[in-house]
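Engineer: Compact mmCIF, C-alpha atoms, saved as target.txt, coming up:
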```txt
# COMPACT_ATOMS: atom_id res chain seq x y z
CA MET A 169 13.00 -16.19 20.26
CA ARG A 170 15.83 -17.53 18.10
CA CYS A 171 13.74 -20.52 16.91
CA ARG A 172 10.98 -18.22 15.69
CA SER A 173 13.35 -16.13 13.59
CA ILE A 174 14.85 -19.28 12.05
CA LYS A 175 11.35 -20.56 11.19
CA ALA A 176 10.37 -17.17 9.79
CA ALA A 177 13.49 -17.11 7.63
CA ALA A 178 12.75 -20.62 6.32
CA VAL A 179 9.13 -19.74 5.53
CA THR A 180 10.20 -16.53 3.82
CA ALA A 181 12.77 -18.39 1.71
CA ALA A 182 10.21 -21.05 0.73
CA LEU A 183 7.64 -18.39 -0.15
CA ALA A 184 10.20 -16.54 -2.26
CA CYS A 185 10.91 -19.75 -4.21
CA VAL A 186 7.20 -20.32 -4.82
CA LEU A 187 6.64 -16.72 -5.88
CA ALA A 188 9.65 -16.76 -8.19
CA THR A 189 7.85 -19.39 -10.25
CA GLY A 190 4.94 -16.96 -10.80
CA VAL A 191 2.35 -19.05 -8.95
CA ASP A 192 -0.64 -17.17 -7.48
CA ILE A 193 -1.25 -17.93 -3.83
CA ARG A 194 -4.93 -17.72 -2.88
CA SER A 195 -6.77 -18.35 0.35
CA SER A 196 -10.37 -19.50 0.65
CA ALA A 197 -11.37 -15.82 1.01
CA ALA A 198 -9.89 -15.18 -2.47
CA ALA A 199 -7.09 -12.96 -1.16
CA GLN A 200 -4.09 -12.86 -3.46
CA LEU A 201 -0.46 -12.05 -2.76
CA THR A 202 1.22 -9.83 -5.31
CA TYR A 203 4.96 -9.33 -5.05
CA PHE A 204 7.71 -7.12 -6.41
CA HIS A 205 11.48 -6.92 -6.00
CA GLN A 206 13.14 -3.69 -4.90
CA ASN A 207 16.77 -3.23 -3.85
CA GLY A 208 17.25 -7.00 -3.78
CA LYS A 209 14.35 -7.56 -1.37
CA LEU A 210 11.06 -9.37 -1.96
CA HIS A 211 8.01 -7.29 -1.00
CA LEU A 212 4.53 -8.80 -0.68
CA VAL A 213 1.21 -6.98 -1.06
CA ASN A 214 -2.10 -8.62 -0.13
CA THR A 215 -4.54 -7.83 -2.95
CA ASP A 216 -8.15 -8.75 -3.58
CA ARG A 217 -9.62 -10.44 -6.69
CA ASN A 218 -9.65 -7.21 -8.70
CA GLY A 219 -6.00 -6.39 -8.05
CA GLY A 220 -6.92 -3.60 -5.63
CA LEU A 221 -6.63 -3.16 -1.90
CA GLN A 222 -9.35 -2.33 0.59
CA GLY A 223 -9.28 -0.91 4.09
CA ILE A 224 -9.18 2.30 6.05
CA ALA A 225 -7.51 5.49 4.85
CA SER A 226 -6.28 8.20 7.19
CA VAL A 227 -4.79 11.68 6.72
CA TYR A 228 -1.14 12.38 7.55
CA HIS A 229 0.73 15.61 8.28
CA ASP A 230 4.43 14.61 8.38
CA ARG A 231 6.86 17.36 7.44
CA VAL A 232 9.35 15.19 5.54
CA THR A 233 8.41 12.02 3.64
CA ALA A 234 10.34 8.74 3.49
CA ASN A 235 11.76 9.59 0.06
CA GLY A 236 13.15 12.91 1.36
CA GLU A 237 10.55 15.27 -0.12
CA HIS A 238 9.06 18.02 1.99
CA MET A 239 5.37 17.21 2.34
CA ASN A 240 3.16 19.48 0.26
CA PRO A 241 -0.27 19.38 1.91
CA ASN A 242 -1.98 20.25 -1.38
CA ALA A 243 -0.22 17.59 -3.47
CA MET A 244 -1.94 14.34 -4.50
CA THR A 245 0.42 12.07 -2.54
CA ALA A 246 0.09 9.23 -0.05
CA ALA A 247 1.97 6.80 2.17
CA HIS A 248 1.82 3.02 1.76
CA LYS A 249 3.67 0.29 3.67
CA SER A 250 5.01 -1.72 0.74
CA LEU A 251 4.26 -0.28 -2.70
CA PRO A 252 7.35 1.11 -4.45
CA MET A 253 8.00 4.83 -4.14
CA GLY A 254 6.55 6.61 -7.16
CA SER A 255 3.68 4.13 -7.64
CA ARG A 256 0.43 5.65 -8.90
CA VAL A 257 -2.64 4.49 -6.99
CA THR A 258 -6.29 5.36 -7.54
CA VAL A 259 -8.05 5.69 -4.19
CA THR A 260 -11.86 5.48 -4.09
CA ASN A 261 -13.92 6.54 -1.09
CA LYS A 262 -16.49 3.74 -0.64
CA ARG A 263 -18.97 6.02 1.12
CA ASN A 264 -19.35 8.69 -1.58
CA GLY A 265 -17.74 7.12 -4.68
CA ARG A 266 -15.20 9.93 -5.17
CA SER A 267 -11.75 8.91 -6.41
CA VAL A 268 -8.34 10.47 -6.85
CA THR A 269 -5.00 9.23 -8.21
CA VAL A 270 -2.09 9.72 -5.82
CA ARG A 271 1.66 9.14 -5.98
CA ILE A 272 3.27 7.07 -3.21
CA ASN A 273 6.08 9.11 -1.65
CA ASP A 274 6.07 7.96 1.98
CA ARG A 275 5.85 4.88 4.20
CA GLY A 276 2.97 4.08 6.53
CA PRO A 277 0.41 3.86 7.96
CA TYR A 278 1.63 1.81 10.88
CA VAL A 279 -1.79 1.31 12.46
CA THR A 280 -3.55 -2.07 12.14
CA GLY A 281 -6.35 -2.02 9.57
CA ARG A 282 -5.20 1.08 7.74
CA VAL A 283 -4.01 0.64 4.16
CA ILE A 284 -3.02 4.17 3.12
CA ASP A 285 -2.24 7.60 4.57
CA LEU A 286 -3.44 10.45 2.36
CA SER A 287 -2.06 13.97 2.07
CA PRO A 288 -4.57 16.61 3.22
CA GLY A 289 -5.12 17.65 -0.43
CA ALA A 290 -5.98 14.12 -1.57
CA ALA A 291 -8.22 13.63 1.49
CA ARG A 292 -10.06 16.85 0.66
CA VAL A 293 -10.77 15.65 -2.92
CA LEU A 294 -12.10 12.35 -1.54
CA GLY A 295 -14.20 14.03 1.12
CA VAL A 296 -12.24 12.33 3.91
CA ASP A 297 -12.07 14.07 7.26
CA GLY A 298 -10.29 11.64 9.57
CA LEU A 299 -10.84 8.00 8.59
CA ALA A 300 -12.70 6.45 5.65
CA GLN A 301 -13.27 3.04 4.04
CA VAL A 302 -11.47 3.04 0.68
CA SER A 303 -10.45 0.75 -2.13
CA LEU A 304 -7.15 1.09 -3.99
CA GLN A 305 -6.19 0.26 -7.55
CA VAL A 306 -2.47 0.20 -8.33
CA ASN A 307 -1.87 1.87 -11.72
CA GLY A 308 1.89 1.42 -12.05
CA ARG A 309 4.84 3.75 -11.60
CA ALA A 310 5.11 7.49 -12.12
CA SER A 311 7.04 8.49 -15.21
```
In structure tokens, how does this file's structure come out?
Structural biologist:
Amino acid sequence: MRCRSIKAAAVTAALACVLATGVDIRSSAAAQLTYFHQNGKLHLVNTDRNGGLQGIASVYHDRVTANGEHMNPNAMTAAHKSLPMGSRVTVTNKRNGRSVTVRINDRGPYVTGRVIDLSPGAARVLGVDGLAQVSLQVNGRAS
């Protein structure tokens, strides 16, 4: 167990050095790692060619969000694992083409394959009842 954590730390340090130089890292499937620094930590986001993310969206009903806000079920908000709090993200439902811009105010989802948890209000606008295939476009930070 200890050897794995040492290797992981070495790989993370090497990756941070490569990313600090501004080099894009691409796989044969054209995935791209985008990174940002927050509170002295390096965060990585796996993005596609167009700078967006794709995967499954779900609906969440937590009472309190990770940034301390009480969850407003009608607000256009969402949870994402790594984007900075306050990021604006346009979510597009791949099935019906509807889109909505949400503000990231929570962390999650913590289920494999899911890329974003939507508030009930945002899910309603997208026509999502449960799970849906979506694409995301990161638009920057809320002002």
Engineer: Closest to Asn242 of chain A among A:Ile272, A:Ala225, A:Val259, A:Val293, using only C-alpha atoms?
Structural biologist: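 Between A:Ile272, A:Ala225, A:Val259, A:Val293, the residue approaching Asn242 of chain A most closely is A:Val293.
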Engineer: With distances taken over only C-alpha atoms, which of A:Arg266, A:His229, A:Arg271, A:Ile284 is nearest to Lys249 of chain A?
Structural biologist: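 Among the listed residues, A:Ile284 lies closest to Lys249 of chain A.
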Engineer: To one decimal place in Å, what is the distance between atom CA of Asp285 of chain A and atom CA of Glu237 of chain A?
Structural biologist: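 Computing it gives 15.6 Å between the two atoms.
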Engineer: Pick the closest to Leu294 of chain A from A:Thr269, A:Asn307, A:Ser250, A:Asn261: which is it, counting all atoms listed in the file?
Structural biologist: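 So, comparing all the options, the nearest one is A:Asn261.
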Engineer: Interatomic distance between atom CA of Arg256 of chain A and atom CA of Gly276 of chain A?
Structural biologist: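 Separation between atom CA of Arg256 of chain A and atom CA of Gly276 of chain A: 15.7 Å.
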Engineer: Tell me which of A:Gly308, A:Ala290, A:Arg275, A:Met244 sits closest to Val232 of chain A, counting all atoms listed in the file.
Structural biologist: A:Arg275
Engineer: Of the candidates A:Asn264, A:Ser287, A:Gly223, A:Thr280, which shows the shortest atom-to-atom distance to His238 of chain A, using all atoms listed in the file?
Structural biologist: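 Of all the options, A:Ser287 lies closest to His238 of chain A.
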Engineer: Nearest to Gln305 of chain A: which of A:Val227, A:Val268, A:Ala234, A:Ala243 is it, counting all atoms listed in the file?
Structural biologist: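 Distance minimum relative to Gln305 of chain A lands on A:Val268.
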Engineer: Please, what distance in Å, to one decimal, runs between atom CA of Pro252 of chain A and atom CA of Tyr278 of chain A?
Structural biologist: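 The value is 16.4 Å.
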Engineer: Find the smallest box with edges along x, y and z containing every listed atom of segment 276-289 of chain A, then add 5 Å on each side and report centre and edge lengths in Å to one decimal, as AutoDock Vina command-line options.
Structural biologist:
```
--center_x -1.7 --center_y 7.8 --center_z 6.0 --size_x 19.3 --size_y 29.7 --size_z 22.9
```
